[in-house]
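Read through the structure below, which is laid out as C-alpha cells, and then see the notes.
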Amino acid sequence: MSEETRFGLEQPFFLHGGDYNPDQWLEHPEIIERDFELMDKANCNTFSIGVFSWTKLEPSDGVFDFGWLDNILNLCEKHGKRVFLATPTGARPAWLGNQFPETNRILKDGTRARWNERENHCYTSPVMREHAARIVTRLAERYGNHPAVCGWHISNEFNGECFCPLCLERFHNYLKDKYKTLETFNQAAWAGFWSHIYTDWSQIDPRDCTLDLLDLEWKRFITVCTVEFMKLETDIIRTYSQAPVTTNMMGFYNGLDYWRLAEACDFIADDCYPSWDKEEPLKVGARVAMSHDMHYAMKNKPFLMMESCPGRPEWCVRKMRRAGEFEREMLLAIGHGADGTMYFQWRKGRGGMEKFHGAVVDHDGSNRTMIFKRVADYGAKLKTLAEIHGAAIQADCAVISDWESRWALMSTFGFQGAPGQEKENDMPLRHYSALWGCHVSIAVIEQVCDFSKYKFLIVPSLYMLKKGVAERLIQFTEKGGTLILTNMTGMVDENNQAILGGFPGNGLRKFCGVWNEDVDCPDPGEQTVMLNGFQLNERNSFPVTGRCEIIHAEDADVLATYGLDFYKGYPAITRKKAGAGYVFYIAADLDEEVLTAFYKLLLMNLKIKPLLPGLPDCVRVAKRSKDGHDYYFVQNFSNELQHLSLSGKMMNIWSGNAKGNKIYLGPGESTILRA
Ligand code: GAL
C-alpha cells in the first residue's frame with residue numbers, strides 16, 4: 001500500500017467508541033458478550049484494544065497467549081467494529097521490571113524508579129527495546145491483516161525522561177553527532193560562564209541548569225529518543241501491516257515536541273480532558289479549540305480525538321458534565337477537524353485507581369444511565385453526519401505556538417516567575433483566544449511551517465528564532481501578509497544565545513522599525529496603554545496585564561503609547577508598511593478583550609470576514625468544507641439562550657431549534673448548519 005493510502009481515517013463515517021479493555025474482564029465472558037450488545041445500542045463503531053494488556057499477552061518472559069485477543073478481534077469483526085490495536089508497551093509486566101531492573105527509569109535525583117505505574121520505561125535500554133520489539137512483532141505478524149484492525153495505537157501518551165547511564169551516554173552521542181567537536185559545543189553553550197568549559201563529553205550533565213542550552217538540548221534529545229522508540233515499534237508494524245499508525249498525544253504537553261512525533265504518525269490522535277468547571281467555558285473552549293486546530297494543522301488533515309471522558313474524570317471529583325457540555329465538547333472537536341471522537345473508556349473497571357472514572361458503561365452494566373443515553377444519542381446523530389466526514393478546514397489566519405521557543409523561554413533564568421510572565425503556552429493561547437473571538441478559522445502552526453498560505457499571521461512571544469524564520473516572516477509580509485509580532489520575539493537563536501544588535505533580532509528590528517531596549521513587568525494597574533486617534537470598544541485607554549517592553553519606533557507609525565511612569569509616551573503598539581503588507585508590533589501584554597477588538601479591526605481592513613456575521617460574543621463558530629458544501633459548527637458557550645439570525649440559505653442539520661432564518665441555542669448548546 002502506498003504512503004498516500006496509508007494515511008488514516010478514511011472510513012466512510014465518523015469514528016465513535018473508546019478504549020476497550022476486555023483483557024481485564026476475561027473471567028467474565030458474559031460481560032464481554034454484553035459489551036457487544038451495548039456497543040450497538042451506544043452507536044459505537046471503533047475501539048482501542050489492548051492498550052495495557054502486556055501481561056495478558058506475555059504472562060512470563062517469552063511465553064505468549066494470544067487466544068483471548070484472537071477471540072476479541074474476531075468478535076469485533078463479527079459485530080462490524082473497527083479496532084485500533086494498541087502495542088502494550090505503555091505499561092510493563094512486573095516480571096519485566098523486576099527481572100530486568102535496567103528497564104526502569106532513573107529519576108532526576110539519581111534513584112532508580114520501581115517498575116510500577118506506567119509509561120516509565122527507559123527508551124534506551126537494549127533489554128527494553130528487545131522485549132518491546134518482540135511483543136510488537138508477535139502482534140503485527142498475527143494481526144497485521146486482521147479485517148477488524150483499521151489502525152495501530154502505539155504505546156500510550158508517551159511522556160517522561162530517564163537519566164540512567166545509558167541515556168546519558170546516548171545524550172552525549174547525540175551532542176557529539178550534532179556539534180562534532182567539544183569546542184563547537186562549548187561555544188554554542190557559552191560554556192565559559194562559571195567556568196563550565198567541558199574537556200570531555202562525559203562531563204556534560206543535563207541536570208546542571210547553569211547553561212540553559214543544556215536544558216534545551218536535553219528536551220530536544222528526549223523527543224528524539226521518544227520518536228526513536230516509537231519508530232522501533234512502527235517499523236515492525238509497517239513490515240507486517242498496511243493499516244496506519246498513530247500515538248495518542250496530550251494537547252500541548254510540554255515534555256515532547258509533538259510536531260516531531262507527528263512526523264512519525266500516519267494520522268494524528270489526541271486525548272482531550274477539558275475541565276469545564278474550573279474556568280469560564282470560553283476560556284476552556286479556547287484552549288481546547290487551539291489544541292484541535294494545531295492537531296489538524298500538523299498534517300493539514302482531519303485527526304482523531306482518541307480519548308475524552310463521557311462523564312467525570314476520576315481525577316476531577318467535582319461537577320458532572322452540565323446539559324449541552326458533553327455534546328459541545330464533541331462538536332468542538334469535530335468542528336475543528338476531528339473525524340472521530342472516542343472515550344476513555346468503554347466500561348468502568350471494578351478495581352484500580354480509575355474505577356470511578358467516567359465511562360460509557362457504568363458498574364450497573366445497563367444502557368439506562370444518563371451518560372450511556374447521552375453517548376448513544378450523540379452516536380446516533382453522528383451517523384447522520386457522514387457527508388461531513390473528511391471535510392477540510394481552510395484558514396486565512398494563523399498563530400504560531402512553537403515548542404522549542406517555549407522551552408527556551410521557560411528555561412531562561414530570570415524569565416520565570418515575574419508578574420505577568422507566562423507558563424508554557426499562555427501567550428500563544430491568549431492571542432489565539434482573542435482571534436477565535438473574531439469568528440474566523442485559525443491554523444495553529446510552528447515556526448518552521450510554511451506561512452505563505454495565510455493572510456494574517458500572529459507571532460506571540462516567539463522568543464527563539466530558528467534559522468531562516470525572520471527572512472520568511474519578512475517575505476510573508478512583503479508579499480502582502482499582515483504580521484503581528486509581540487513582545488519577547490526574536491531574542492535568542494537556536495542555542496538560546498541572545499542575538500546581538502538589538503531586539504527583535506535577525507533583521508526584524510530594521511524590518512518592523514522597532515528596537516526593543518528592555519522589558520518591565522509592572523504589577524496590575526501600574527501601567528496603561530493609550531491609543532493614538534482611534535478607539536477599541538469605544539475606549540482609548542487600557543490597563544496592561546503583564547510585560548511592557550520599552551521600545552523605540554525607529555521607523556514605524558506609533559498607534560499607541562504607554563500612559564504612566566517613567567516610560568509614559570513611549571510606543572506600545574506600532575505599525576509599518578513593508579512591501580505589499582504590514583507589520584505590527586505589540587510591546588505590551590493586553591487582555592483578550594482589547595486584542596479581539598484590535599484584531600477585528602485589522603481583519604475588517606483585510607476583508608477577512610467572520611465565518612458567520614452578527615454572532616453574539618459568547619457564541620463561537622468553526623467551518624469545514626467538502627464537495628462544495630460549507631458546514632458551520634455554531635456553539636453557545638454561555639448559560640443563556642442565544643438567538644442567531646442567519647443570512648442566506650442554511651439548513652440546520654443537528655438540532656431542531658430553527659425557525660426560518662432564526663436559530664435558538666440553549667445554554668451550552670451546539671448545532672451544525674449546512675450552506
Ligand atoms: C489518559 C490515559 C488513559 C486514562 C485516562 C484517564 O491520560 O491515556 O489511559 O488513564 O487518562 O483520564
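Scheme for the C-alpha cells: letters A, B, ... for chains in order shown; per-chain residue numbers from 1; ligand numbers from 1 in order shown.
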Practice problem: Might you pull out every residue within 10 Å of Asn661 (chain A), with only C-alpha atoms counted and same-chain residues fewer than 2 positions away left off, and present them as a ChimeraX atom specification? | Solution: /A:644-652,658-659,663
Could those selected residues go to a file with N, CA and C atoms, as a PDB file, in the first residue's frame?
ATOM      1  N   LEU A 644     -29.841  33.560  17.035  1.00  0.00           N
ATOM      2  CA  LEU A 644     -28.975  33.934  15.918  1.00  0.00           C
ATOM      3  C   LEU A 644     -29.846  34.165  14.697  1.00  0.00           C
ATOM      4  N   SER A 645     -29.533  35.213  13.969  1.00  0.00           N
ATOM      5  CA  SER A 645     -30.230  35.417  12.694  1.00  0.00           C
ATOM      6  C   SER A 645     -29.262  35.060  11.598  1.00  0.00           C
ATOM      7  N   LEU A 646     -29.709  34.234  10.691  1.00  0.00           N
ATOM      8  CA  LEU A 646     -28.796  33.804   9.642  1.00  0.00           C
ATOM      9  C   LEU A 646     -29.169  34.448   8.325  1.00  0.00           C
ATOM     10  N   SER A 647     -28.139  34.827   7.608  1.00  0.00           N
ATOM     11  CA  SER A 647     -28.436  35.359   6.278  1.00  0.00           C
ATOM     12  C   SER A 647     -28.236  34.213   5.297  1.00  0.00           C
ATOM     13  N   GLY A 648     -28.939  34.228   4.218  1.00  0.00           N
ATOM     14  CA  GLY A 648     -28.769  33.205   3.186  1.00  0.00           C
ATOM     15  C   GLY A 648     -29.435  31.904   3.558  1.00  0.00           C
ATOM     16  N   LYS A 649     -29.305  30.952   2.675  1.00  0.00           N
ATOM     17  CA  LYS A 649     -29.987  29.669   2.900  1.00  0.00           C
ATOM     18  C   LYS A 649     -29.086  28.726   3.690  1.00  0.00           C
ATOM     19  N   MET A 650     -29.498  28.390   4.878  1.00  0.00           N
ATOM     20  CA  MET A 650     -28.731  27.477   5.722  1.00  0.00           C
ATOM     21  C   MET A 650     -29.681  26.406   6.225  1.00  0.00           C
ATOM     22  N   MET A 651     -29.174  25.177   6.295  1.00  0.00           N
ATOM     23  CA  MET A 651     -30.000  24.123   6.859  1.00  0.00           C
ATOM     24  C   MET A 651     -29.438  23.693   8.191  1.00  0.00           C
ATOM     25  N   ASN A 652     -30.305  23.629   9.167  1.00  0.00           N
ATOM     26  CA  ASN A 652     -29.868  23.195  10.481  1.00  0.00           C
ATOM     27  C   ASN A 652     -29.844  21.671  10.468  1.00  0.00           C
ATOM     28  N   ALA A 658     -34.844  25.650  15.032  1.00  0.00           N
ATOM     29  CA  ALA A 658     -34.714  26.678  13.997  1.00  0.00           C
ATOM     30  C   ALA A 658     -36.088  27.081  13.527  1.00  0.00           C
ATOM     31  N   LYS A 659     -36.199  28.352  13.189  1.00  0.00           N
ATOM     32  CA  LYS A 659     -37.447  28.825  12.606  1.00  0.00           C
ATOM     33  C   LYS A 659     -37.056  29.792  11.520  1.00  0.00           C
ATOM     34  N   ILE A 663     -32.222  30.945  14.604  1.00  0.00           N
ATOM     35  CA  ILE A 663     -31.772  29.745  15.317  1.00  0.00           C
ATOM     36  C   ILE A 663     -31.753  30.069  16.800  1.00  0.00           C
TER      37      ILE A 663
END
Quiz item: Near Ala443 (chain A), within 10 Å and counting only C-alpha atoms, which residues show up once chain neighbours fewer than 3 positions away are dropped, as a count of residues only?
Solution: 22
I'd like a table as a tab-separated table: residues in chain A with an atom no more than 7 Å from ligand 1, each row giving the shortest atom pair and its distance in Å to one decimal, only C-alpha atoms and all ligand atoms counted, sorted by chain and rising residue number.
residue	atom	partner	partner_atom_place_in_ligand_line	distance
A:Asn156	CA	ligand 1	8 (O)	5.8
A:Glu157	CA	ligand 1	8 (O)	5.7
A:Asp271	CA	ligand 1	7 (O)	6.9
A:Pro313	CA	ligand 1	12 (O)	5.4
A:Glu314	CA	ligand 1	12 (O)	6.9
A:Phe344	CA	ligand 1	5 (C)	5.9
A:Glu354	CA	ligand 1	6 (C)	7.0
A:His357	CA	ligand 1	6 (C)	6.9
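The shell of residues at most 7 Å from Ala391 (chain A), with only C-alpha atoms counted and near chain neighbours (fewer than 5 positions) removed, consists of Arg624, Ser625 and Lys626 of chain A.
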Practice problem: Name all residues at most 10 Å from Arg374 (chain A) (count only C-alpha atoms; drop same-chain ones fewer than 3 positions away) and give them as a list in words. | Solution: Ala42, Pro310, Gly311, Ala323, Gly324, Phe326, Glu327, Val360, Thr369, Met370, Ile371, Asp377, Tyr378, Gly379 and Ala380 of chain A
Within 9 Å of Thr482 (chain A) using only C-alpha atoms, minus same-chain residues under 5 positions, as a PDB file with N, CA and C atoms, in the first residue's frame:
ATOM      1  N   LYS A 455      -3.038  34.872   5.357  1.00  0.00           N
ATOM      2  CA  LYS A 455      -3.063  36.309   5.097  1.00  0.00           C
ATOM      3  C   LYS A 455      -2.735  37.090   6.360  1.00  0.00           C
ATOM      4  N   PHE A 456      -3.010  36.477   7.508  1.00  0.00           N
ATOM      5  CA  PHE A 456      -2.882  37.165   8.782  1.00  0.00           C
ATOM      6  C   PHE A 456      -2.144  36.222   9.729  1.00  0.00           C
ATOM      7  N   LEU A 457      -0.987  36.651  10.196  1.00  0.00           N
ATOM      8  CA  LEU A 457      -0.157  35.748  10.996  1.00  0.00           C
ATOM      9  C   LEU A 457       0.230  36.409  12.312  1.00  0.00           C
ATOM     10  N   ILE A 458      -0.113  35.759  13.411  1.00  0.00           N
ATOM     11  CA  ILE A 458       0.247  36.290  14.735  1.00  0.00           C
ATOM     12  C   ILE A 458       1.408  35.471  15.295  1.00  0.00           C
ATOM     13  N   PHE A 476       6.820  36.911   3.919  1.00  0.00           N
ATOM     14  CA  PHE A 476       5.363  36.767   4.072  1.00  0.00           C
ATOM     15  C   PHE A 476       4.702  38.138   4.037  1.00  0.00           C
ATOM     16  N   THR A 477       5.287  39.081   4.763  1.00  0.00           N
ATOM     17  CA  THR A 477       4.686  40.413   4.859  1.00  0.00           C
ATOM     18  C   THR A 477       4.833  41.169   3.543  1.00  0.00           C
ATOM     19  N   GLY A 581       2.548  44.455   2.400  1.00  0.00           N
ATOM     20  CA  GLY A 581       1.840  44.141   3.650  1.00  0.00           C
ATOM     21  C   GLY A 581       2.197  45.082   4.788  1.00  0.00           C
ATOM     22  N   TYR A 582       1.757  44.684   5.960  1.00  0.00           N
ATOM     23  CA  TYR A 582       2.015  45.492   7.161  1.00  0.00           C
ATOM     24  C   TYR A 582       2.550  44.611   8.271  1.00  0.00           C
ATOM     25  N   VAL A 583       3.464  45.205   9.055  1.00  0.00           N
ATOM     26  CA  VAL A 583       3.886  44.509  10.262  1.00  0.00           C
ATOM     27  C   VAL A 583       3.523  45.375  11.470  1.00  0.00           C
ATOM     28  N   PHE A 584       2.886  44.739  12.454  1.00  0.00           N
ATOM     29  CA  PHE A 584       2.510  45.411  13.705  1.00  0.00           C
ATOM     30  C   PHE A 584       3.386  44.869  14.823  1.00  0.00           C
ATOM     31  N   LEU A 602      -8.440  44.961  12.323  1.00  0.00           N
ATOM     32  CA  LEU A 602      -7.457  44.618  11.288  1.00  0.00           C
ATOM     33  C   LEU A 602      -8.063  43.671  10.251  1.00  0.00           C
ATOM     34  N   LEU A 606      -8.674  43.998   6.197  1.00  0.00           N
ATOM     35  CA  LEU A 606      -8.137  42.999   5.261  1.00  0.00           C
ATOM     36  C   LEU A 606      -9.240  42.269   4.508  1.00  0.00           C
TER      37      LEU A 606
END
For the contact check between region 194-290 of chain A and region 67-88 of chain A, emit one row per residue of region 194-290 of chain A within 12 Å, containing the shortest atom pair and the distance in Å rounded to one decimal, counting only C-alpha atoms, chain then rising number order, as JSON lines.
{"residue": "A:Met230", "atom": "CA", "partner": "A:Thr87", "partner_atom": "CA", "distance": 10.2}
{"residue": "A:Leu232", "atom": "CA", "partner": "A:Thr87", "partner_atom": "CA", "distance": 11.5}
{"residue": "A:Glu233", "atom": "CA", "partner": "A:Thr87", "partner_atom": "CA", "distance": 8.0}
{"residue": "A:Thr234", "atom": "CA", "partner": "A:Thr87", "partner_atom": "CA", "distance": 9.7}
{"residue": "A:Ile236", "atom": "CA", "partner": "A:Thr87", "partner_atom": "CA", "distance": 11.1}
{"residue": "A:Ile237", "atom": "CA", "partner": "A:Thr87", "partner_atom": "CA", "distance": 9.6}
{"residue": "A:Ser241", "atom": "CA", "partner": "A:Leu85", "partner_atom": "CA", "distance": 11.4}
{"residue": "A:Ala243", "atom": "CA", "partner": "A:Phe84", "partner_atom": "CA", "distance": 9.3}
{"residue": "A:Pro244", "atom": "CA", "partner": "A:Phe84", "partner_atom": "CA", "distance": 9.3}
{"residue": "A:Val245", "atom": "CA", "partner": "A:Phe84", "partner_atom": "CA", "distance": 8.7}
{"residue": "A:Thr246", "atom": "CA", "partner": "A:Phe84", "partner_atom": "CA", "distance": 9.1}
{"residue": "A:Thr247", "atom": "CA", "partner": "A:Ala86", "partner_atom": "CA", "distance": 9.0}
{"residue": "A:Asn248", "atom": "CA", "partner": "A:Ala86", "partner_atom": "CA", "distance": 10.5}
{"residue": "A:Ala269", "atom": "CA", "partner": "A:Phe84", "partner_atom": "CA", "distance": 11.2}
Quiz item: In terms of the shortest atom-to-atom distance over only C-alpha atoms, which of A:Val440, A:Ala408, A:Cys309, A:Ala580 is closest to Lys607 (chain A)?
Solution: A:Val440
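With only C-alpha atoms taken into account, the protein and nucleic acid residues at most 7 Å from Asn487 (chain A) (excluding it and anything under 6 positions from it in its own chain) are A:Ser461, A:Glu549, A:Ile586, A:Ala587, A:Ala588.
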Quiz item: Per DSSP on the backbone, what are the strand (DSSP E) residues of region 396-628 of chain A, as a PyMOL selection string?
Solution: chain A and resi 397-400+442-445+456-459+482-486+514-520+528-531+541-543+548-553+557-562+571-578+581-586+619-626
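Ranking A:Gly614, A:Glu141, A:Ser670, A:Ser405 by their shortest atom-to-atom distance to Ser638 (chain A), with only C-alpha atoms included, puts A:Ser670 first.
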